[in-house]
Amino acid sequence: MTTMEILEQAKQAKTAINTADTETKNLALLKMAEALCAHTPQILAANKEDMDKAKETIGAVMLDRLMLDENRILGMAEGIRALITLPDPVGSVLTSVERPNGMVIEKTAIPLGVIAIIYESRPNVTSDAAALCIKSGNACVLRSGKEAWKSAAAIVEALREGLVAAGLPQTCVSLVEDTTRSSAVELMKAQGYVDLLIPRGGAGLIRSCVEQAKVPCIQTGTGICHVYVDDSADFEKALSIIENAKTSRPSVCNAEEVCLVSEKIAEAFLPLLKKRLVDDRTAGGKIPVELRLGKRAAAIIAGTPAGPQDFDTEFLDYILAVEVVDDVKAAAEHIALHSSGHSEAIITETKENADYFTKCVDSAAVYVNVTTRFTDGGEFGLGCEMGISTQKLHARGPMGLMELCSYKYIIKGDGQIR
């Protein structure tokens, strides 16, 4: 089926899902989760095909993003079920104003319509995106990368079974069959069919969408995330947070890519950082972190000299750019120059510096003494997420149900004329 035929079907299906009541949508989510679990053998078989083929072209860290097992599929199903317990945003009155003439104006949340999502080698995005769209009353058109297409197709087959069981059109959730660049461009230019386009992937994909899209587009995902270790930081707290932010899952967008250290503690702290991330991990049989060192950091510890782009790179790997800065003001200035606007953290015991950092660092999520790995829809209590918006309109940070809604004004009266 062509991409345009899929878009036509989604447009026809959107009325059914846009107008579905909460009970119907929740039943659909329940049935989708059940079908996902029931189809686990087929999904794993499809994922094995994807994994076997991808081993020829991508590295171990990216293979981990692609890999599914029974626990990950169970986690996908639990993510869907979590949405059932959340309030339905559709129809909620955001503001209500009664005018002097008795007219009542209600700003009311409504579905966007048809949402298209372009994503790469993370098959769990398939179920997360579909479930969020269904709960928020939207039809969705999914466009997976070729590395994950068989996995995505098996997941969509299961989800569609759940939709039908709940009495909704299976075309409320669709998967584009063409994995070439032309299908992505078609979605970018599908005026009259796509109400919002969400790219989830690397900087190249997002830049292409922003430059070429004729439909409304959200910038998501690219994460050049920083952790700044202030001069008053608790060293053990800082080391624990940095190791978690860098190594717990380096292939995701909320992983730390840059560590900045105050010059007042650099000579004491950086050797401990190297010991924790390199020496101790090597001795413990774990993958060590390659430290890409700026000039000031390289004068204190051994590592790889940082190249011209290392402080502007989303490594998605066991690599960490490290530099020494004068103070919290210099850290904020460095972040302003190099950050992608995703997530940044300060490790400090000084309220004044924490307040300065949170006020001056202009990113979607700013942490004080917390790992950046919490920038996630589930961790923020949103169920699952559609992505992390790094722009300011119309959504910012983890995109949950409300971020997949627009609004309209409903005006009620009793014969008022102007």
# chains A, B, ... in the order shown; residues from 1 in each chain; ligands from 1
$ select_by_dssp --residues "stretch 19-174 of chain A" --states "strand (DSSP E)" --output "ChimeraX atom specification"
/A:93-98,104-111,114-119,139-143,173-174
$ residues_around --residues "stretch 338-348 of chain A" --least-positions-apart "3" --cutoff "8 Å" --atoms "only C-alpha atoms" --output "VMD selection string"
chain A and resid 221 to 234 237 to 238 254 311 to 312 334 to 335 351 353 to 354 357 361 to 372 375 388 to 391 397
$ closest_atom_pairs --of "stretch 59-130 of chain A" --to "stretch 16-27 of chain A" --cutoff "8 Å" --atoms "only C-alpha atoms" --output "JSON lines"
{"residue": "A:Ile84", "atom": "CA", "partner": "A:Asn26", "partner_atom": "CA", "distance": 5.3}
{"residue": "A:Asp88", "atom": "CA", "partner": "A:Thr22", "partner_atom": "CA", "distance": 6.4}
{"residue": "A:Ile110", "atom": "CA", "partner": "A:Asn18", "partner_atom": "CA", "distance": 8.0}
{"residue": "A:Pro111", "atom": "CA", "partner": "A:Asn18", "partner_atom": "CA", "distance": 6.0}
{"residue": "A:Gly113", "atom": "CA", "partner": "A:Asn18", "partner_atom": "CA", "distance": 6.7}
$ write_last_selection --atoms "C-alpha atoms" --output "tab-separated table (two decimals), in the first residue's frame"
chain	number	residue	atom	x	y	z
A	84	ILE	CA	-5.80	3.67	31.12
A	88	ASP	CA	-8.69	11.60	29.39
A	110	ILE	CA	-9.60	18.48	21.52
A	111	PRO	CA	-7.57	15.89	19.57
A	113	GLY	CA	-6.50	14.76	14.33
$ closest_residue --among "A:Ala255, A:Ile58, A:Ile198, A:Leu86" --to "A:Leu29" --atoms "only C-alpha atoms"
A:Leu86
$ atom_distance --atom1 "atom CA of A:Ile218" --atom2 "atom CA of A:Ile242"
29.1 Å
$ residues_around --residues "stretch 170-179 of chain A" --least-positions-apart "4" --cutoff "9 Å" --atoms "only C-alpha atoms" --output "JSON, numbers by chain"
{"A": [1, 2, 3, 6, 7, 9, 10, 11, 12, 13, 14, 16, 17, 114, 126, 130, 133, 134, 138, 139, 140, 141, 142, 143, 144, 145, 146, 149, 152, 153, 156, 159, 160, 161, 162, 163, 164, 183, 184]}
$ closest_residue --among "A:Lys408, A:Arg249, A:Arg292, A:Lys189" --to "A:Ala213" --atoms "only C-alpha atoms"
A:Lys189
$ select_by_dssp --residues "stretch 315-348 of chain A" --states "helix (DSSP H, G or I)" --output "list in words"
Val328, Lys329, Ala330, Ala331, Ala332, Glu333, His334, Ile335, Ala336, Leu337 and His338 of chain A
$ atom_distance --atom1 "atom CA of A:Leu337" --atom2 "atom CA of A:Val258"
12.5 Å
$ atom_distance --atom1 "atom CA of A:Ala330" --atom2 "atom CA of A:Ser251"
27.9 Å
$ residues_around --residues "A:Ala203" --least-positions-apart "2" --cutoff "10 Å" --atoms "only C-alpha atoms" --output "tab-separated table (two decimals) with N, CA, C and O atoms, in the first residue's frame"
chain	number	residue	atom	x	y	z
A	199	PRO	N	9.21	13.93	14.54
A	199	PRO	CA	10.37	13.10	14.23
A	199	PRO	C	11.08	12.68	15.52
A	199	PRO	O	11.34	13.51	16.38
A	200	ARG	N	11.37	11.39	15.64
A	200	ARG	CA	12.13	10.89	16.79
A	200	ARG	C	13.37	10.19	16.25
A	200	ARG	O	13.28	9.12	15.67
A	201	GLY	N	14.51	10.84	16.42
A	201	GLY	CA	15.73	10.24	15.90
A	201	GLY	C	16.90	11.18	16.05
A	201	GLY	O	16.89	12.08	16.89
A	205	LEU	N	17.75	13.59	10.99
A	205	LEU	CA	16.32	13.42	10.74
A	205	LEU	C	15.55	14.66	11.18
A	205	LEU	O	14.70	15.17	10.45
A	206	ILE	N	15.85	15.13	12.36
A	206	ILE	CA	15.11	16.29	12.89
A	206	ILE	C	15.37	17.53	12.04
A	206	ILE	O	14.44	18.28	11.71
A	207	ARG	N	16.61	17.73	11.64
A	207	ARG	CA	16.94	18.89	10.80
A	207	ARG	C	16.21	18.80	9.45
A	207	ARG	O	15.67	19.80	8.95
A	208	SER	N	16.16	17.60	8.89
A	208	SER	CA	15.47	17.41	7.61
A	208	SER	C	13.99	17.75	7.73
A	208	SER	O	13.42	18.41	6.87
A	209	CYS	N	13.36	17.30	8.84
A	209	CYS	CA	11.94	17.58	9.04
A	209	CYS	C	11.69	19.08	9.21
A	209	CYS	O	10.77	19.64	8.62
A	219	GLN	N	10.22	19.53	17.12
A	219	GLN	CA	11.62	19.09	17.21
A	219	GLN	C	11.79	18.27	18.49
A	219	GLN	O	11.49	18.75	19.58
A	220	THR	N	12.26	17.05	18.35
A	220	THR	CA	12.41	16.18	19.52
A	220	THR	C	13.76	15.49	19.53
A	220	THR	O	14.42	15.35	18.50
A	221	GLY	N	14.14	15.08	20.74
A	221	GLY	CA	15.05	13.96	20.85
A	221	GLY	C	16.52	14.22	21.00
A	221	GLY	O	17.13	13.69	21.91
A	222	THR	N	17.16	15.00	20.10
A	222	THR	CA	18.60	15.11	20.18
A	222	THR	C	19.01	15.62	21.56
A	222	THR	O	18.54	16.66	22.00
A	223	GLY	N	19.87	14.87	22.23
A	223	GLY	CA	20.21	15.21	23.61
A	223	GLY	C	21.70	15.36	23.84
A	223	GLY	O	22.41	14.38	24.05
A	313	THR	N	28.47	16.97	20.20
A	313	THR	CA	28.13	15.66	19.64
A	313	THR	C	27.27	14.86	20.61
A	313	THR	O	27.58	14.76	21.80
A	314	GLU	N	26.19	14.27	20.08
A	314	GLU	CA	25.41	13.30	20.82
A	314	GLU	C	26.04	11.93	20.54
A	314	GLU	O	25.77	11.30	19.53
A	340	SER	N	21.70	21.09	23.27
A	340	SER	CA	20.58	20.94	22.33
A	340	SER	C	19.26	21.30	22.99
A	340	SER	O	18.19	21.14	22.38
$ residues_around --residues "stretch 411-418 of chain A" --least-positions-apart "6" --cutoff "9 Å" --atoms "only C-alpha atoms" --output "short mmCIF file (atom, residue, chain, number, x, y, z; two decimals) with all heavy atoms, in the first residue's frame"
data_model
loop_
_atom_site.label_atom_id
_atom_site.label_comp_id
_atom_site.auth_asym_id
_atom_site.auth_seq_id
_atom_site.Cartn_x
_atom_site.Cartn_y
_atom_site.Cartn_z
N ASN A 101 -22.40 39.85 29.49
CA ASN A 101 -23.70 39.61 28.86
C ASN A 101 -24.24 38.21 29.11
O ASN A 101 -25.25 37.80 28.52
CB ASN A 101 -23.63 39.88 27.35
CG ASN A 101 -22.71 38.90 26.62
OD1 ASN A 101 -22.08 38.04 27.23
ND2 ASN A 101 -22.61 39.04 25.30
N GLY A 102 -23.55 37.43 29.96
CA GLY A 102 -24.01 36.08 30.29
C GLY A 102 -23.44 35.00 29.39
O GLY A 102 -23.63 33.80 29.66
N MET A 103 -22.73 35.37 28.33
CA MET A 103 -22.11 34.39 27.44
C MET A 103 -20.96 33.69 28.17
O MET A 103 -20.15 34.32 28.83
CB MET A 103 -21.60 35.13 26.21
CG MET A 103 -21.00 34.26 25.13
SD MET A 103 -20.63 35.26 23.66
CE MET A 103 -19.36 36.36 24.29
N VAL A 104 -20.88 32.35 28.06
CA VAL A 104 -19.83 31.56 28.70
C VAL A 104 -18.88 31.04 27.62
O VAL A 104 -19.31 30.39 26.66
CB VAL A 104 -20.42 30.38 29.50
CG1 VAL A 104 -19.31 29.52 30.09
CG2 VAL A 104 -21.32 30.91 30.62
N ILE A 105 -17.60 31.33 27.80
CA ILE A 105 -16.58 30.92 26.83
C ILE A 105 -15.70 29.86 27.49
O ILE A 105 -15.04 30.12 28.50
CB ILE A 105 -15.72 32.11 26.39
CG1 ILE A 105 -16.61 33.22 25.81
CG2 ILE A 105 -14.67 31.68 25.37
CD1 ILE A 105 -15.86 34.50 25.53
N GLU A 106 -15.69 28.66 26.92
CA GLU A 106 -14.90 27.54 27.46
C GLU A 106 -13.79 27.16 26.48
O GLU A 106 -14.07 26.85 25.31
CB GLU A 106 -15.80 26.33 27.72
CG GLU A 106 -16.85 26.59 28.80
CD GLU A 106 -17.77 25.40 29.01
OE1 GLU A 106 -17.84 24.53 28.11
OE2 GLU A 106 -18.42 25.35 30.07
N LYS A 107 -12.58 27.22 26.96
CA LYS A 107 -11.43 26.75 26.18
C LYS A 107 -11.29 25.25 26.44
O LYS A 107 -10.96 24.83 27.54
CB LYS A 107 -10.17 27.50 26.63
CG LYS A 107 -8.91 27.19 25.86
CD LYS A 107 -7.75 28.03 26.40
CE LYS A 107 -6.45 27.77 25.69
NZ LYS A 107 -5.34 28.58 26.26
#
$ decode --residues "stretch 99-171 of chain A" --atoms "C-alpha atoms" --output "mmCIF file, in the first residue's frame"
data_model
loop_
_atom_site.group_PDB
_atom_site.id
_atom_site.type_symbol
_atom_site.label_atom_id
_atom_site.label_comp_id
_atom_site.auth_asym_id
_atom_site.auth_seq_id
_atom_site.Cartn_x
_atom_site.Cartn_y
_atom_site.Cartn_z
ATOM 1 C CA ARG A 99 -18.812 37.581 30.050
ATOM 2 C CA PRO A 100 -20.966 40.468 31.365
ATOM 3 C CA ASN A 101 -23.700 39.613 28.856
ATOM 4 C CA GLY A 102 -24.009 36.085 30.289
ATOM 5 C CA MET A 103 -22.114 34.388 27.439
ATOM 6 C CA VAL A 104 -19.832 31.556 28.702
ATOM 7 C CA ILE A 105 -16.582 30.917 26.827
ATOM 8 C CA GLU A 106 -14.904 27.537 27.462
ATOM 9 C CA LYS A 107 -11.426 26.753 26.185
ATOM 10 C CA THR A 108 -11.752 23.014 25.591
ATOM 11 C CA ALA A 109 -9.104 20.368 24.785
ATOM 12 C CA ILE A 110 -9.598 18.476 21.520
ATOM 13 C CA PRO A 111 -7.567 15.892 19.569
ATOM 14 C CA LEU A 112 -5.150 17.185 16.959
ATOM 15 C CA GLY A 113 -6.501 14.757 14.328
ATOM 16 C CA VAL A 114 -3.865 12.672 12.521
ATOM 17 C CA ILE A 115 -0.370 12.512 13.998
ATOM 18 C CA ALA A 116 2.555 11.170 11.968
ATOM 19 C CA ILE A 117 5.653 9.891 13.746
ATOM 20 C CA ILE A 118 8.966 9.231 11.998
ATOM 21 C CA TYR A 119 11.359 7.215 14.140
ATOM 22 C CA GLU A 120 14.402 5.030 13.785
ATOM 23 C CA SER A 121 15.574 1.786 15.397
ATOM 24 C CA ARG A 122 13.472 1.673 18.591
ATOM 25 C CA PRO A 123 10.508 -0.692 18.134
ATOM 26 C CA ASN A 124 9.029 0.203 21.553
ATOM 27 C CA VAL A 125 8.224 3.642 20.118
ATOM 28 C CA THR A 126 5.654 1.868 17.929
ATOM 29 C CA SER A 127 3.460 0.863 20.850
ATOM 30 C CA ASP A 128 4.123 3.988 22.941
ATOM 31 C CA ALA A 129 3.179 6.330 20.109
ATOM 32 C CA ALA A 130 0.106 4.361 19.090
ATOM 33 C CA ALA A 131 -1.205 4.119 22.655
ATOM 34 C CA LEU A 132 -0.724 7.819 23.354
ATOM 35 C CA CYS A 133 -2.517 8.713 20.136
ATOM 36 C CA ILE A 134 -5.472 6.458 20.920
ATOM 37 C CA LYS A 135 -5.913 7.771 24.476
ATOM 38 C CA SER A 136 -5.701 11.381 23.240
ATOM 39 C CA GLY A 137 -8.217 10.660 20.480
ATOM 40 C CA ASN A 138 -5.844 10.836 17.517
ATOM 41 C CA ALA A 139 -5.255 8.587 14.544
ATOM 42 C CA CYS A 140 -1.561 7.890 13.949
ATOM 43 C CA VAL A 141 0.628 7.064 10.990
ATOM 44 C CA LEU A 142 3.924 5.461 12.026
ATOM 45 C CA ARG A 143 7.020 5.456 9.865
ATOM 46 C CA SER A 144 9.730 3.164 11.296
ATOM 47 C CA GLY A 145 13.335 3.002 10.169
ATOM 48 C CA LYS A 146 14.224 0.044 7.984
ATOM 49 C CA GLU A 147 16.317 -1.578 10.762
ATOM 50 C CA ALA A 148 13.204 -2.016 12.923
ATOM 51 C CA TRP A 149 10.487 -2.368 10.284
ATOM 52 C CA LYS A 150 9.688 -6.073 10.735
ATOM 53 C CA SER A 151 9.450 -5.599 14.512
ATOM 54 C CA ALA A 152 7.223 -2.559 14.062
ATOM 55 C CA ALA A 153 4.982 -4.394 11.604
ATOM 56 C CA ALA A 154 4.467 -7.278 14.049
ATOM 57 C CA ILE A 155 3.675 -4.833 16.854
ATOM 58 C CA VAL A 156 1.180 -2.883 14.720
ATOM 59 C CA GLU A 157 -0.549 -6.107 13.714
ATOM 60 C CA ALA A 158 -1.120 -6.883 17.389
ATOM 61 C CA LEU A 159 -2.252 -3.354 18.232
ATOM 62 C CA ARG A 160 -4.742 -3.348 15.368
ATOM 63 C CA GLU A 161 -6.225 -6.576 16.668
ATOM 64 C CA GLY A 162 -6.867 -4.783 19.954
ATOM 65 C CA LEU A 163 -8.490 -1.808 18.213
ATOM 66 C CA VAL A 164 -10.903 -4.034 16.325
ATOM 67 C CA ALA A 165 -11.783 -5.894 19.530
ATOM 68 C CA ALA A 166 -12.825 -2.536 21.014
ATOM 69 C CA GLY A 167 -14.943 -1.609 17.994
ATOM 70 C CA LEU A 168 -12.584 0.976 16.505
ATOM 71 C CA PRO A 169 -11.208 1.003 12.936
ATOM 72 C CA GLN A 170 -7.861 -0.731 12.679
ATOM 73 C CA THR A 171 -6.714 2.163 10.486
#
